[in-house]
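Colleague: Contents of data15.txt (compact mmCIF, C-alpha atoms and all ligand atoms) are given next:
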# COMPACT_ATOMS: atom_id res chain seq x y z
CA TYR A 313 -25.05 -24.81 -40.12
CA PRO A 314 -26.70 -27.89 -41.62
CA ALA A 315 -25.52 -31.05 -39.91
CA LYS A 316 -25.49 -32.90 -43.21
CA THR A 317 -22.84 -32.37 -45.82
CA VAL A 318 -23.78 -29.67 -48.31
CA ARG A 319 -23.31 -30.62 -51.97
CA VAL A 320 -21.82 -27.68 -53.89
CA THR A 321 -21.53 -26.79 -57.57
CA VAL A 322 -19.28 -23.84 -58.47
CA LEU A 323 -19.76 -21.95 -61.75
CA GLY A 324 -16.71 -19.80 -62.45
CA ALA A 325 -14.56 -21.86 -60.08
CA THR A 326 -11.16 -20.52 -61.19
CA GLY A 327 -11.96 -16.82 -60.83
CA SER A 328 -11.42 -14.49 -57.92
CA ILE A 329 -14.72 -15.45 -56.25
CA GLY A 330 -14.30 -19.13 -57.16
CA GLN A 331 -10.87 -19.21 -55.49
CA SER A 332 -12.33 -17.75 -52.29
CA VAL A 333 -15.09 -20.36 -52.35
CA ALA A 334 -12.47 -23.09 -52.80
CA ASP A 335 -10.47 -21.75 -49.87
CA LEU A 336 -13.52 -21.99 -47.59
CA ILE A 337 -14.38 -25.49 -48.80
CA ALA A 338 -10.79 -26.67 -48.29
CA ARG A 339 -10.93 -25.40 -44.69
CA ASN A 340 -14.15 -27.35 -44.08
CA PRO A 341 -13.69 -30.60 -46.01
CA ASP A 342 -16.22 -32.55 -43.94
CA ARG A 343 -18.97 -29.94 -44.41
CA PHE A 344 -18.96 -29.72 -48.19
CA GLU A 345 -18.94 -32.18 -51.05
CA VAL A 346 -18.03 -30.75 -54.44
CA VAL A 347 -20.32 -32.02 -57.18
CA ALA A 348 -18.93 -30.00 -60.08
CA LEU A 349 -16.45 -27.22 -60.78
CA VAL A 350 -17.02 -25.23 -63.97
CA ALA A 351 -14.56 -22.79 -65.58
CA ASN A 352 -14.06 -21.23 -68.97
CA SER A 353 -10.58 -22.19 -70.16
CA SER A 354 -8.06 -22.39 -67.28
CA ALA A 355 -7.40 -26.14 -67.40
CA ASP A 356 -4.46 -26.15 -64.98
CA ALA A 357 -6.16 -24.07 -62.31
CA LEU A 358 -9.34 -26.14 -62.65
CA ALA A 359 -7.49 -29.46 -62.42
CA GLU A 360 -5.50 -28.31 -59.38
CA MET A 361 -8.69 -27.18 -57.64
CA ALA A 362 -10.61 -30.35 -58.50
CA LEU A 363 -7.84 -32.45 -56.93
CA ARG A 364 -7.55 -30.20 -53.89
CA LEU A 365 -11.30 -30.27 -53.24
CA ASN A 366 -11.81 -33.88 -54.28
CA ALA A 367 -14.49 -32.81 -56.76
CA LYS A 368 -16.66 -35.34 -58.58
CA SER A 369 -16.37 -33.52 -61.91
CA ALA A 370 -14.48 -30.70 -63.61
CA VAL A 371 -15.91 -28.98 -66.67
CA LEU A 372 -14.43 -26.47 -69.11
CA CYS A 373 -16.80 -24.35 -71.14
CA ASP A 374 -14.22 -23.63 -73.86
CA PRO A 375 -13.10 -26.99 -75.33
CA ARG A 376 -9.68 -25.79 -76.51
CA ASN A 377 -7.79 -26.79 -73.35
CA PHE A 378 -9.77 -29.93 -72.72
CA GLU A 379 -6.85 -32.27 -73.53
CA ASP A 380 -4.81 -30.57 -70.78
CA LEU A 381 -7.61 -31.01 -68.28
CA LYS A 382 -8.06 -34.67 -69.20
CA ASN A 383 -4.34 -35.37 -68.89
CA ARG A 384 -4.03 -33.59 -65.57
CA LEU A 385 -6.95 -35.54 -64.11
CA SER A 386 -6.48 -38.94 -65.70
CA GLY A 387 -6.51 -41.69 -63.12
CA SER A 388 -7.91 -39.37 -60.45
CA GLY A 389 -11.46 -40.68 -60.70
CA ILE A 390 -12.69 -37.13 -61.39
CA ASP A 391 -15.03 -36.88 -64.40
CA THR A 392 -14.03 -34.34 -67.03
CA ALA A 393 -16.06 -32.76 -69.82
CA SER A 394 -16.12 -29.66 -72.00
CA GLY A 395 -18.42 -27.52 -74.10
CA ASP A 396 -21.70 -25.71 -73.51
CA GLN A 397 -23.67 -28.94 -73.31
CA ALA A 398 -21.31 -30.29 -70.64
CA VAL A 399 -21.88 -27.15 -68.58
CA PHE A 400 -25.64 -27.75 -68.67
CA GLU A 401 -25.12 -31.40 -67.71
CA ALA A 402 -22.95 -30.25 -64.79
CA VAL A 403 -25.69 -27.98 -63.41
CA ASP A 404 -28.17 -30.84 -63.85
CA ARG A 405 -26.32 -33.02 -61.34
CA ASP A 406 -27.96 -33.27 -57.92
CA THR A 407 -26.68 -30.53 -55.65
CA ASP A 408 -27.80 -28.31 -52.75
CA LEU A 409 -25.86 -25.11 -53.31
CA VAL A 410 -24.80 -23.48 -56.58
CA ILE A 411 -22.26 -20.66 -56.48
CA GLY A 412 -22.87 -18.42 -59.51
CA ALA A 413 -19.45 -16.83 -60.04
CA ILE A 414 -19.00 -16.65 -63.81
CA VAL A 415 -18.15 -13.14 -64.99
CA GLY A 416 -20.39 -11.25 -67.38
CA ALA A 417 -23.53 -12.02 -69.36
CA ALA A 418 -21.86 -15.35 -70.26
CA GLY A 419 -23.11 -16.55 -66.89
CA LEU A 420 -26.76 -15.94 -67.67
CA LEU A 421 -27.73 -19.24 -69.34
CA PRO A 422 -25.80 -21.65 -67.11
CA THR A 423 -26.84 -19.86 -63.91
CA MET A 424 -30.50 -19.73 -64.99
CA ALA A 425 -30.29 -23.44 -65.83
CA ALA A 426 -29.00 -24.09 -62.30
CA ILE A 427 -32.21 -22.74 -60.73
CA LYS A 428 -34.08 -25.86 -59.63
CA PRO A 429 -36.56 -26.70 -56.86
CA GLY A 430 -35.14 -26.61 -53.36
CA ARG A 431 -31.74 -25.36 -54.42
CA ARG A 432 -29.88 -22.46 -52.95
CA ILE A 433 -28.24 -20.15 -55.48
CA ALA A 434 -25.46 -17.99 -53.99
CA LEU A 435 -25.16 -15.35 -56.68
CA ALA A 436 -22.01 -13.35 -57.38
CA ASN A 437 -22.65 -13.01 -61.12
CA LYS A 438 -24.52 -9.68 -60.86
CA GLU A 439 -24.96 -9.55 -64.64
CA CYS A 440 -27.72 -12.21 -64.30
CA LEU A 441 -29.82 -9.67 -62.43
CA VAL A 442 -28.68 -6.63 -64.41
CA CYS A 443 -29.46 -8.21 -67.79
CA ALA A 444 -32.47 -10.33 -66.95
CA GLY A 445 -33.49 -9.53 -63.38
CA ASP A 446 -37.23 -10.06 -63.83
CA LEU A 447 -36.76 -13.36 -65.68
CA PHE A 448 -34.14 -14.58 -63.21
CA MET A 449 -36.12 -13.69 -60.08
CA GLY A 450 -39.26 -15.04 -61.77
CA LYS A 451 -37.59 -18.41 -62.21
CA ILE A 452 -36.31 -18.41 -58.62
CA ALA A 453 -39.91 -17.96 -57.45
CA ALA A 454 -41.42 -20.40 -59.95
CA GLU A 455 -38.95 -23.17 -59.05
CA ASP A 456 -39.22 -22.50 -55.33
CA ALA A 457 -35.46 -22.00 -55.20
CA GLU A 458 -33.64 -19.60 -52.91
CA ILE A 459 -31.26 -16.79 -53.86
CA LEU A 460 -28.60 -15.43 -51.52
CA PRO A 461 -26.48 -12.43 -52.51
CA VAL A 462 -22.69 -12.90 -52.53
CA ASP A 463 -21.90 -9.38 -53.72
CA SER A 464 -20.61 -7.75 -50.53
CA GLU A 465 -22.97 -4.75 -50.49
CA HIS A 466 -26.05 -6.88 -51.15
CA ASN A 467 -24.95 -9.48 -48.67
CA ALA A 468 -24.54 -6.71 -46.08
CA ILE A 469 -27.98 -5.31 -46.86
CA PHE A 470 -29.48 -8.81 -46.75
CA GLN A 471 -28.02 -9.26 -43.26
CA VAL A 472 -29.73 -6.12 -41.92
CA PHE A 473 -32.89 -6.16 -44.06
CA GLU A 474 -35.94 -6.99 -41.94
CA ALA A 475 -37.75 -8.86 -44.68
CA SER A 476 -40.84 -9.46 -42.53
CA HIS A 477 -41.78 -5.77 -42.59
CA PRO A 478 -40.49 -4.28 -45.85
CA ASP A 479 -42.98 -1.41 -45.56
CA SER A 480 -40.99 0.00 -42.62
CA ILE A 481 -37.91 0.40 -44.82
CA GLU A 482 -37.19 3.91 -46.08
CA LYS A 483 -33.88 3.49 -47.82
CA VAL A 484 -31.32 0.94 -48.85
CA ILE A 485 -27.78 2.31 -49.07
CA LEU A 486 -24.88 0.72 -50.95
CA THR A 487 -21.40 1.86 -50.09
CA ALA A 488 -18.68 2.34 -52.71
CA SER A 489 -14.95 2.65 -52.12
CA GLY A 490 -14.71 5.21 -54.90
CA GLY A 491 -11.99 3.11 -56.56
CA PRO A 492 -8.43 4.15 -57.40
CA PHE A 493 -9.45 7.53 -58.92
CA ARG A 494 -11.76 8.77 -56.18
CA THR A 495 -9.82 12.01 -55.73
CA MET A 496 -8.23 12.36 -59.19
CA ALA A 497 -8.92 15.47 -61.29
CA PHE A 498 -11.13 14.92 -64.34
CA GLU A 499 -8.35 16.05 -66.75
CA ASP A 500 -6.05 13.32 -65.40
CA MET A 501 -8.72 10.60 -65.50
CA VAL A 502 -8.78 10.85 -69.29
CA ARG A 503 -5.21 9.54 -69.40
CA VAL A 504 -5.21 6.69 -66.87
CA THR A 505 -3.76 3.36 -68.00
CA PRO A 506 -5.22 -0.13 -67.57
CA GLN A 507 -2.53 -0.91 -64.95
CA GLN A 508 -3.58 2.10 -62.86
CA ALA A 509 -7.26 1.25 -63.24
CA LEU A 510 -6.73 -2.41 -62.31
CA LYS A 511 -5.16 -1.45 -58.97
CA HIS A 512 -8.07 -1.31 -56.58
CA PRO A 513 -7.20 0.27 -53.21
CA ASN A 514 -9.16 -2.21 -51.07
CA TRP A 515 -10.39 -5.26 -52.99
CA ASP A 516 -8.58 -7.91 -55.03
CA MET A 517 -10.94 -8.88 -57.88
CA GLY A 518 -11.19 -10.03 -61.50
CA ALA A 519 -10.23 -7.61 -64.31
CA ARG A 520 -13.67 -6.56 -65.49
CA ILE A 521 -15.08 -5.72 -62.06
CA SER A 522 -11.85 -3.90 -61.15
CA ILE A 523 -12.21 -1.58 -64.17
CA ASP A 524 -15.93 -1.20 -63.39
CA SER A 525 -14.98 -0.15 -59.86
CA ALA A 526 -12.61 2.48 -61.26
CA THR A 527 -15.36 3.99 -63.47
CA MET A 528 -17.97 3.32 -60.74
CA MET A 529 -20.04 1.44 -63.33
CA ASN A 530 -19.82 -1.40 -60.84
CA LYS A 531 -21.85 0.60 -58.32
CA GLY A 532 -24.42 1.37 -61.00
CA LEU A 533 -24.73 -2.33 -61.85
CA GLU A 534 -25.08 -3.01 -58.13
CA VAL A 535 -27.94 -0.55 -57.69
CA ILE A 536 -29.76 -2.38 -60.50
CA GLU A 537 -28.89 -5.70 -58.82
CA ALA A 538 -30.28 -4.41 -55.49
CA HIS A 539 -33.48 -3.34 -57.19
CA HIS A 540 -34.14 -6.98 -58.13
CA LEU A 541 -32.98 -8.52 -54.85
CA PHE A 542 -34.90 -6.30 -52.46
CA PRO A 543 -38.50 -5.02 -52.58
CA VAL A 544 -37.59 -1.33 -52.86
CA SER A 545 -38.11 1.23 -55.62
CA ALA A 546 -35.34 2.99 -57.53
CA ASP A 547 -36.01 6.11 -55.39
CA GLN A 548 -35.22 4.19 -52.22
CA LEU A 549 -31.74 3.15 -53.39
CA ASP A 550 -28.76 5.35 -52.51
CA VAL A 551 -25.01 5.22 -53.06
CA LEU A 552 -22.56 6.47 -50.46
CA VAL A 553 -18.80 6.71 -51.05
CA HIS A 554 -16.86 5.24 -48.15
CA PRO A 555 -13.13 4.87 -48.92
CA GLN A 556 -12.28 2.51 -46.03
CA SER A 557 -14.64 -0.27 -47.26
CA ALA A 558 -15.52 -1.24 -43.69
CA VAL A 559 -19.27 -0.58 -43.89
CA HIS A 560 -20.62 -2.58 -46.83
CA GLY A 561 -24.32 -1.70 -46.84
CA LEU A 562 -27.03 -0.04 -44.75
CA VAL A 563 -30.80 -0.07 -44.34
CA GLN A 564 -32.67 2.94 -43.00
CA TYR A 565 -36.01 2.32 -41.21
CA ARG A 566 -38.98 4.63 -40.71
CA ASP A 567 -38.24 5.00 -37.00
CA GLY A 568 -34.88 6.58 -37.90
CA SER A 569 -32.80 3.47 -37.24
CA LEU A 570 -29.89 2.92 -39.59
CA LEU A 571 -28.58 -0.66 -39.56
CA ALA A 572 -25.25 -1.50 -41.17
CA GLN A 573 -23.04 -4.53 -41.70
CA LEU A 574 -19.29 -4.07 -41.27
CA GLY A 575 -16.30 -6.28 -41.96
CA SER A 576 -12.88 -6.38 -43.60
CA PRO A 577 -12.91 -6.09 -47.38
CA ASP A 578 -12.55 -9.85 -47.95
CA MET A 579 -15.14 -11.68 -50.06
CA ARG A 580 -14.77 -14.79 -47.88
CA THR A 581 -17.08 -13.15 -45.30
CA PRO A 582 -20.12 -12.70 -47.60
CA ILE A 583 -19.39 -16.04 -49.30
CA ALA A 584 -19.24 -17.80 -45.92
CA HIS A 585 -22.50 -16.11 -44.94
CA CYS A 586 -24.17 -17.64 -48.01
CA MET A 587 -22.55 -21.04 -47.54
CA ALA A 588 -23.60 -21.42 -43.90
CA TYR A 589 -26.87 -19.46 -43.92
CA PRO A 590 -28.83 -19.20 -41.66
CA ARG A 591 -25.95 -20.25 -39.44
CA ARG A 592 -22.40 -18.88 -39.36
CA MET A 593 -19.13 -20.57 -40.22
CA GLN A 594 -15.58 -19.87 -39.12
CA THR A 595 -13.38 -17.90 -41.53
CA PRO A 596 -9.75 -16.77 -41.30
CA VAL A 597 -10.75 -13.28 -42.49
CA GLU A 598 -8.80 -10.53 -40.75
CA ARG A 599 -11.07 -9.08 -38.08
CA LEU A 600 -12.01 -5.46 -38.50
CA ASP A 601 -10.10 -3.49 -35.87
CA LEU A 602 -12.11 -0.28 -35.52
CA ALA A 603 -9.73 1.25 -32.98
CA LYS A 604 -6.85 0.74 -35.41
CA LEU A 605 -8.90 2.12 -38.29
CA GLY A 606 -9.69 5.17 -36.13
CA SER A 607 -12.17 6.86 -38.42
CA LEU A 608 -14.68 6.02 -41.09
CA THR A 609 -15.50 8.65 -43.68
CA PHE A 610 -18.41 9.06 -46.06
CA GLU A 611 -19.11 11.35 -49.02
CA ALA A 612 -21.66 11.73 -51.82
CA PRO A 613 -20.64 10.26 -55.20
CA ASP A 614 -19.47 12.70 -57.87
CA MET A 615 -21.61 12.00 -60.93
CA LYS A 616 -19.58 14.43 -63.06
CA ARG A 617 -16.28 12.59 -62.74
CA PHE A 618 -18.06 9.23 -62.67
CA PRO A 619 -20.67 9.48 -65.44
CA ALA A 620 -20.96 5.66 -65.55
CA LEU A 621 -22.84 5.74 -62.27
CA ARG A 622 -25.29 8.35 -63.57
CA ILE A 623 -25.79 6.41 -66.83
CA ALA A 624 -26.51 3.17 -64.94
CA LEU A 625 -29.02 4.88 -62.64
CA GLU A 626 -30.76 6.32 -65.72
CA ALA A 627 -30.85 2.84 -67.29
CA LEU A 628 -32.51 1.48 -64.15
CA ARG A 629 -35.15 4.21 -64.34
CA SER A 630 -35.79 3.74 -68.05
CA GLY A 631 -36.25 0.01 -67.33
CA GLY A 632 -36.97 -2.62 -69.98
CA THR A 633 -33.75 -3.94 -71.48
CA ALA A 634 -31.76 -0.73 -70.98
CA PRO A 635 -29.67 -2.42 -68.24
CA ALA A 636 -28.85 -5.35 -70.59
CA VAL A 637 -27.62 -2.94 -73.29
CA LEU A 638 -25.72 -1.00 -70.62
CA ASN A 639 -23.94 -4.16 -69.51
CA ALA A 640 -23.14 -5.42 -73.02
CA ALA A 641 -21.72 -2.05 -74.05
CA ASP A 642 -19.72 -1.86 -70.84
CA GLU A 643 -18.26 -5.37 -71.19
CA THR A 644 -17.22 -4.52 -74.76
CA ALA A 645 -15.76 -1.13 -73.84
CA VAL A 646 -13.89 -2.50 -70.81
CA ALA A 647 -12.28 -5.21 -72.97
CA ALA A 648 -11.26 -2.54 -75.52
CA PHE A 649 -9.82 -0.33 -72.76
CA LEU A 650 -7.80 -3.26 -71.39
CA LYS A 651 -6.37 -3.83 -74.88
CA GLY A 652 -5.41 -0.16 -75.15
CA ALA A 653 -7.91 0.51 -77.97
CA ILE A 654 -9.79 3.31 -76.15
CA GLY A 655 -9.24 5.66 -73.25
CA PHE A 656 -10.66 5.31 -69.76
CA MET A 657 -13.34 7.99 -70.17
CA ASP A 658 -14.39 6.42 -73.49
CA ILE A 659 -15.90 3.56 -71.47
CA PRO A 660 -18.87 5.57 -70.14
CA ALA A 661 -19.06 7.42 -73.47
CA ALA A 662 -19.44 4.13 -75.37
CA VAL A 663 -22.13 2.94 -72.99
CA GLU A 664 -24.10 6.17 -73.21
CA GLU A 665 -23.88 6.18 -77.02
CA ALA A 666 -25.05 2.57 -77.21
CA LEU A 667 -28.00 3.29 -74.94
CA SER A 668 -29.12 6.30 -76.95
CA ALA A 669 -28.75 4.39 -80.25
CA PHE A 670 -30.83 1.45 -78.97
CA SER A 671 -33.38 3.79 -77.45
CA ALA A 672 -33.70 5.65 -80.78
CA LYS A 673 -34.21 2.29 -82.53
CA GLY A 674 -37.00 1.50 -80.05
CA LYS A 675 -35.10 -1.57 -78.83
CA LEU A 676 -35.33 -1.17 -75.06
CA ALA A 677 -38.75 -2.72 -74.42
CA PRO A 678 -38.87 -5.48 -71.79
CA ALA A 679 -37.70 -8.90 -73.08
CA ALA A 680 -40.03 -11.89 -72.89
CA THR A 681 -37.32 -14.56 -72.82
CA VAL A 682 -33.66 -14.99 -71.97
CA GLU A 683 -33.01 -15.75 -75.65
CA ASP A 684 -34.34 -12.27 -76.50
CA VAL A 685 -32.03 -10.76 -73.88
CA LEU A 686 -29.04 -12.63 -75.31
CA ALA A 687 -29.86 -11.58 -78.88
CA LEU A 688 -30.00 -7.95 -77.76
CA ASP A 689 -26.79 -8.42 -75.76
CA GLN A 690 -25.07 -9.67 -78.92
CA GLU A 691 -26.42 -6.79 -81.00
CA ALA A 692 -25.24 -4.25 -78.42
CA ARG A 693 -21.75 -5.80 -78.39
CA VAL A 694 -21.52 -5.55 -82.18
CA TRP A 695 -22.81 -1.96 -82.12
CA THR A 696 -20.32 -0.95 -79.43
CA GLY A 697 -17.51 -2.70 -81.30
CA HIS A 698 -18.27 -0.57 -84.37
CA TRP A 699 -18.44 2.59 -82.27
CA ILE A 700 -15.04 1.75 -80.81
CA SER A 701 -13.42 1.08 -84.21
CA SER A 702 -14.77 4.30 -85.64
CA ARG A 703 -13.42 6.17 -82.62
CA ALA A 704 -9.99 4.49 -82.85
CA ALA A 705 -9.73 5.19 -86.61
P1 LIG B 801 -12.93 -13.52 -62.66
O1 LIG B 801 -12.66 -12.92 -63.98
O2 LIG B 801 -11.84 -13.56 -61.66
O3 LIG B 801 -13.42 -15.05 -62.86
C1 LIG B 801 -14.46 -15.38 -63.74
C2 LIG B 801 -14.73 -16.89 -63.74
O4 LIG B 801 -15.75 -17.14 -64.71
C3 LIG B 801 -13.53 -17.76 -64.13
O5 LIG B 801 -13.59 -18.96 -63.41
C4 LIG B 801 -13.78 -18.05 -65.61
O6 LIG B 801 -13.19 -19.27 -66.02
C5 LIG B 801 -15.29 -18.14 -65.62
N1 LIG B 801 -15.89 -17.86 -66.93
C6 LIG B 801 -15.72 -16.77 -67.70
N2 LIG B 801 -16.43 -16.90 -68.83
C7 LIG B 801 -17.07 -18.08 -68.75
C8 LIG B 801 -17.95 -18.78 -69.62
N3 LIG B 801 -18.31 -18.30 -70.81
N4 LIG B 801 -18.44 -19.98 -69.21
C9 LIG B 801 -18.07 -20.53 -68.02
N5 LIG B 801 -17.23 -19.88 -67.17
C10 LIG B 801 -16.74 -18.70 -67.54
O7 LIG B 801 -14.21 -12.80 -62.09
P2 LIG B 801 -14.59 -12.51 -60.55
O8 LIG B 801 -13.94 -11.26 -60.11
O9 LIG B 801 -14.44 -13.74 -59.75
O10 LIG B 801 -16.14 -12.16 -60.70
C11 LIG B 801 -17.13 -13.15 -60.93
C12 LIG B 801 -18.50 -12.51 -60.76
O11 LIG B 801 -18.66 -12.13 -59.39
C13 LIG B 801 -18.70 -11.23 -61.58
O12 LIG B 801 -20.01 -11.17 -62.01
C14 LIG B 801 -18.41 -10.13 -60.58
O13 LIG B 801 -19.11 -8.95 -60.87
C15 LIG B 801 -18.94 -10.75 -59.30
N6 LIG B 801 -18.31 -10.22 -58.08
C16 LIG B 801 -16.98 -10.38 -57.88
C17 LIG B 801 -16.38 -9.87 -56.74
C18 LIG B 801 -14.91 -10.06 -56.47
O14 LIG B 801 -14.45 -9.70 -55.41
N7 LIG B 801 -14.14 -10.60 -57.38
C19 LIG B 801 -17.17 -9.19 -55.79
C20 LIG B 801 -18.53 -9.06 -56.03
C21 LIG B 801 -19.10 -9.59 -57.17
MG MG B 802 -19.88 -5.36 -54.72
Output the file's structure as structure tokens, nothing else.
Modeller:
Amino acid sequence: YPAKTVRVTVLGATGSIGQSVADLIARNPDRFEVVALVANSSADALAEMALRLNAKSAVLCDPRNFEDLKNRLSGSGIDTASGDQAVFEAVDRDTDLVIGAIVGAAGLLPTMAAIKPGRRIALANKECLVCAGDLFMGKIAAEDAEILPVDSEHNAIFQVFEASHPDSIEKVILTASGGPFRTMAFEDMVRVTPQQALKHPNWDMGARISIDSATMMNKGLEVIEAHHLFPVSADQLDVLVHPQSAVHGLVQYRDGSLLAQLGSPDMRTPIAHCMAYPRRMQTPVERLDLAKLGSLTFEAPDMKRFPALRIALEALRSGGTAPAVLNAADETAVAAFLKGAIGFMDIPAAVEEALSAFSAKGKLAPAATVEDVLALDQEARVWTGHWISSRAA
């Protein structure tokens, strides 16, 4: 990959994705130069990472733990700052590669602000595309920036997608592990606890995406994400349940060829692909031993036990801002489930109710600006919060 050192900015540095990025940078200290690390509130983790990676600056979005960060980094020569404005200043600094790894719609403004001419955006924060895909991709094109998908399924598809002849592509297939409740009876799913839902069989991820994997909302969000990343219609996107998580994505061509990318379920492979693209870099990821694995199995998703997937696919088809309302309601419902305020199957119920309420109010027309998207996002969170309190009462 590029002979020169790549300057990197990491948004969401202390999260699950951010930690994997840091691991790869630490293994290749001469290849990367860390311009800025941005996190929400984990001062200790951010300070430790900034020192380990010899970052130029460390920024907290939430100012409450700023004193801790300043103390931990005093005398290190690393700049520190906090607050929304500081985040925007951090993405303004000259850089080559921005890793978008904030969780949720909170990542929308800073990640959009990071889109600048000639930059490469390695995007993990799928909510940017779910909530404002047209605006986000529009800015990528307008600024002549480049987007590379970090999300494992999209990264897999990107690796086997022959972009020079998109008209020969019949189908794009995203695999799903099925999560911890793939084979559980519907009656039992109603009673699952946050601890059970957080325990993903194959992947180690942040809390929100782990719950979304258990409801399969995550796969729904990913189909919407794929719709923006690749020039294919909603009809050409399929989901295939594959419990071993060895095959991450597939593309079917009109000659009958089916191309797939395989690898261990370790995010360092897709992240490394983005960081070294179009070359390849060394990773310590456990190599996929197909003989040891023995067999790979596939099955169709069950939309009855996983209504979140159906609801997300419907939101994609209805278009406009339906996916933004879907995401806002889901973020709110997942947080309530984690606090024990609602049951597991109330998550898709809350999302479906929010979508029908906003549809009835005529509020799902396409948004003209990101500010409009964020206003709607806020409104959908408030609405869902009320729905949850009335249900809990
Ligand atoms: P996480 O919860 O582990 O980490 C989130 C990061 O975002 C933290 O660094 C946190 O400090 C930061 N953050 C949160 N709110 C913020 C705010 N308002 N401003 C600035 N920073 C903020 O999440 P994760 O699992 O690493 O996921 C990050 C994104 O990547 C999500 O969009 C997720 O869907 C996507 N993703 C994750 C995985 C995975 O394996 N974890 C795989 C594919 C895609
Ligand atoms: Mg994924």
Colleague: Step by step, measure atom-to-atom distances between ligand LIG 801 (chain B) and each residue using all atoms listed in the file, keep those at most 7 Å, then write them as a CSV table (one decimal) with C-alpha atoms, in the coordinates of the input.
Modeller:
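Written file, part_13.csv:
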chain,number,residue,atom,x,y,z
A,323,LEU,CA,-19.8,-22.0,-61.8
A,324,GLY,CA,-16.7,-19.8,-62.4
A,325,ALA,CA,-14.6,-21.9,-60.1
A,326,THR,CA,-11.2,-20.5,-61.2
A,327,GLY,CA,-12.0,-16.8,-60.8
A,328,SER,CA,-11.4,-14.5,-57.9
A,329,ILE,CA,-14.7,-15.4,-56.2
A,330,GLY,CA,-14.3,-19.1,-57.2
A,350,VAL,CA,-17.0,-25.2,-64.0
A,351,ALA,CA,-14.6,-22.8,-65.6
A,352,ASN,CA,-14.1,-21.2,-69.0
A,353,SER,CA,-10.6,-22.2,-70.2
A,354,SER,CA,-8.1,-22.4,-67.3
A,373,CYS,CA,-16.8,-24.4,-71.1
A,413,ALA,CA,-19.4,-16.8,-60.0
A,414,ILE,CA,-19.0,-16.6,-63.8
A,415,VAL,CA,-18.2,-13.1,-65.0
A,416,GLY,CA,-20.4,-11.2,-67.4
A,418,ALA,CA,-21.9,-15.4,-70.3
A,419,GLY,CA,-23.1,-16.6,-66.9
A,436,ALA,CA,-22.0,-13.4,-57.4
A,437,ASN,CA,-22.6,-13.0,-61.1
A,438,LYS,CA,-24.5,-9.7,-60.9
A,439,GLU,CA,-25.0,-9.6,-64.6
A,462,VAL,CA,-22.7,-12.9,-52.5
A,463,ASP,CA,-21.9,-9.4,-53.7
A,464,SER,CA,-20.6,-7.8,-50.5
A,515,TRP,CA,-10.4,-5.3,-53.0
A,516,ASP,CA,-8.6,-7.9,-55.0
A,517,MET,CA,-10.9,-8.9,-57.9
A,518,GLY,CA,-11.2,-10.0,-61.5
A,519,ALA,CA,-10.2,-7.6,-64.3
A,520,ARG,CA,-13.7,-6.6,-65.5
A,521,ILE,CA,-15.1,-5.7,-62.1
A,579,MET,CA,-15.1,-11.7,-50.1
Colleague: Taking all atoms listed in the file into account, report as a list in words which residues have an atom no farther than 8 Å from an atom of ligand MG 802 (chain B).
Modeller: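 With all atoms listed in the file and a cut-off of 8 Å, ligand MG 802 (chain B) is contacted by Asp463, Ser464, Glu465, His466, Asn530, Lys531 and Glu534 of chain A.
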Colleague: Determine the nearest neighbour of A:Val371 from the options A:Val399, A:Ala588, A:Val563, A:Ala357, counting all atoms listed in the file.
Modeller: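 Ranked by minimum distance to A:Val371, first place goes to A:Val399.
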Colleague: Residues within 6 Å of stretch 551-560 of chain A, please, as a PyMOL selection string. Count only C-alpha atoms; anything in the same chain fewer than 3 positions from it doesn't count.
Modeller: chain A and resi 465+468+485-490+573-576+609-613
Colleague: Using Å and a single decimal, report how far atom CA of A:Ser386 sits from atom CA of A:Thr321.
Modeller: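 Interatomic distance, atom CA of A:Thr321 to atom CA of A:Ser386: 21.0 Å.
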Colleague: Determine the nearest neighbour of A:Glu643 from the options A:Asp500, A:Asp524, A:Asp578, A:Asp550, counting all atoms listed in the file.
Modeller: A:Asp524
Colleague: Hey, which of A:Met529, A:Ile411, A:Ala497, A:Leu605 ends up closest to A:Glu458? Count all atoms listed in the file.
Modeller: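 Ranking A:Met529, A:Ile411, A:Ala497, A:Leu605 by distance to A:Glu458, first place goes to A:Ile411.
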Colleague: Which is closest to A:Leu460 among A:His585, A:Gln397, A:His540, A:Ser525, if we use all atoms listed in the file?
Modeller: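 Selected residue with least distance to A:Leu460: A:His585.
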Colleague: Please determine, counting all atoms listed in the file, which residue among A:Ala572, A:Ala546, A:Val318, A:Leu676 has the shortest atom-to-atom distance to A:Arg629.
Modeller: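 Once distances to A:Arg629 are computed over all atoms listed in the file, the minimum belongs to A:Ala546.
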Colleague: Please return, as a list in words, all polymer residues that have at least one atom within 9 Å of the point (-28.6, -21.3, -62.6); use only C-alpha atoms and the file's own coordinate frame.
Modeller: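 Residues satisfying the cut-off, written out: Leu323, Val403, Val410, Ile411, Gly412, Gly419, Leu420, Leu421, Pro422, Thr423, Met424, Ala425, Ala426, Ile427, Lys428, Ile433 and Phe448 of chain A.
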Colleague: A:Gly445, A:Gly430, A:Pro596, A:Gly568: which is nearest A:Asn340, counting only C-alpha atoms?
Modeller: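 Nearest to A:Asn340: A:Pro596.
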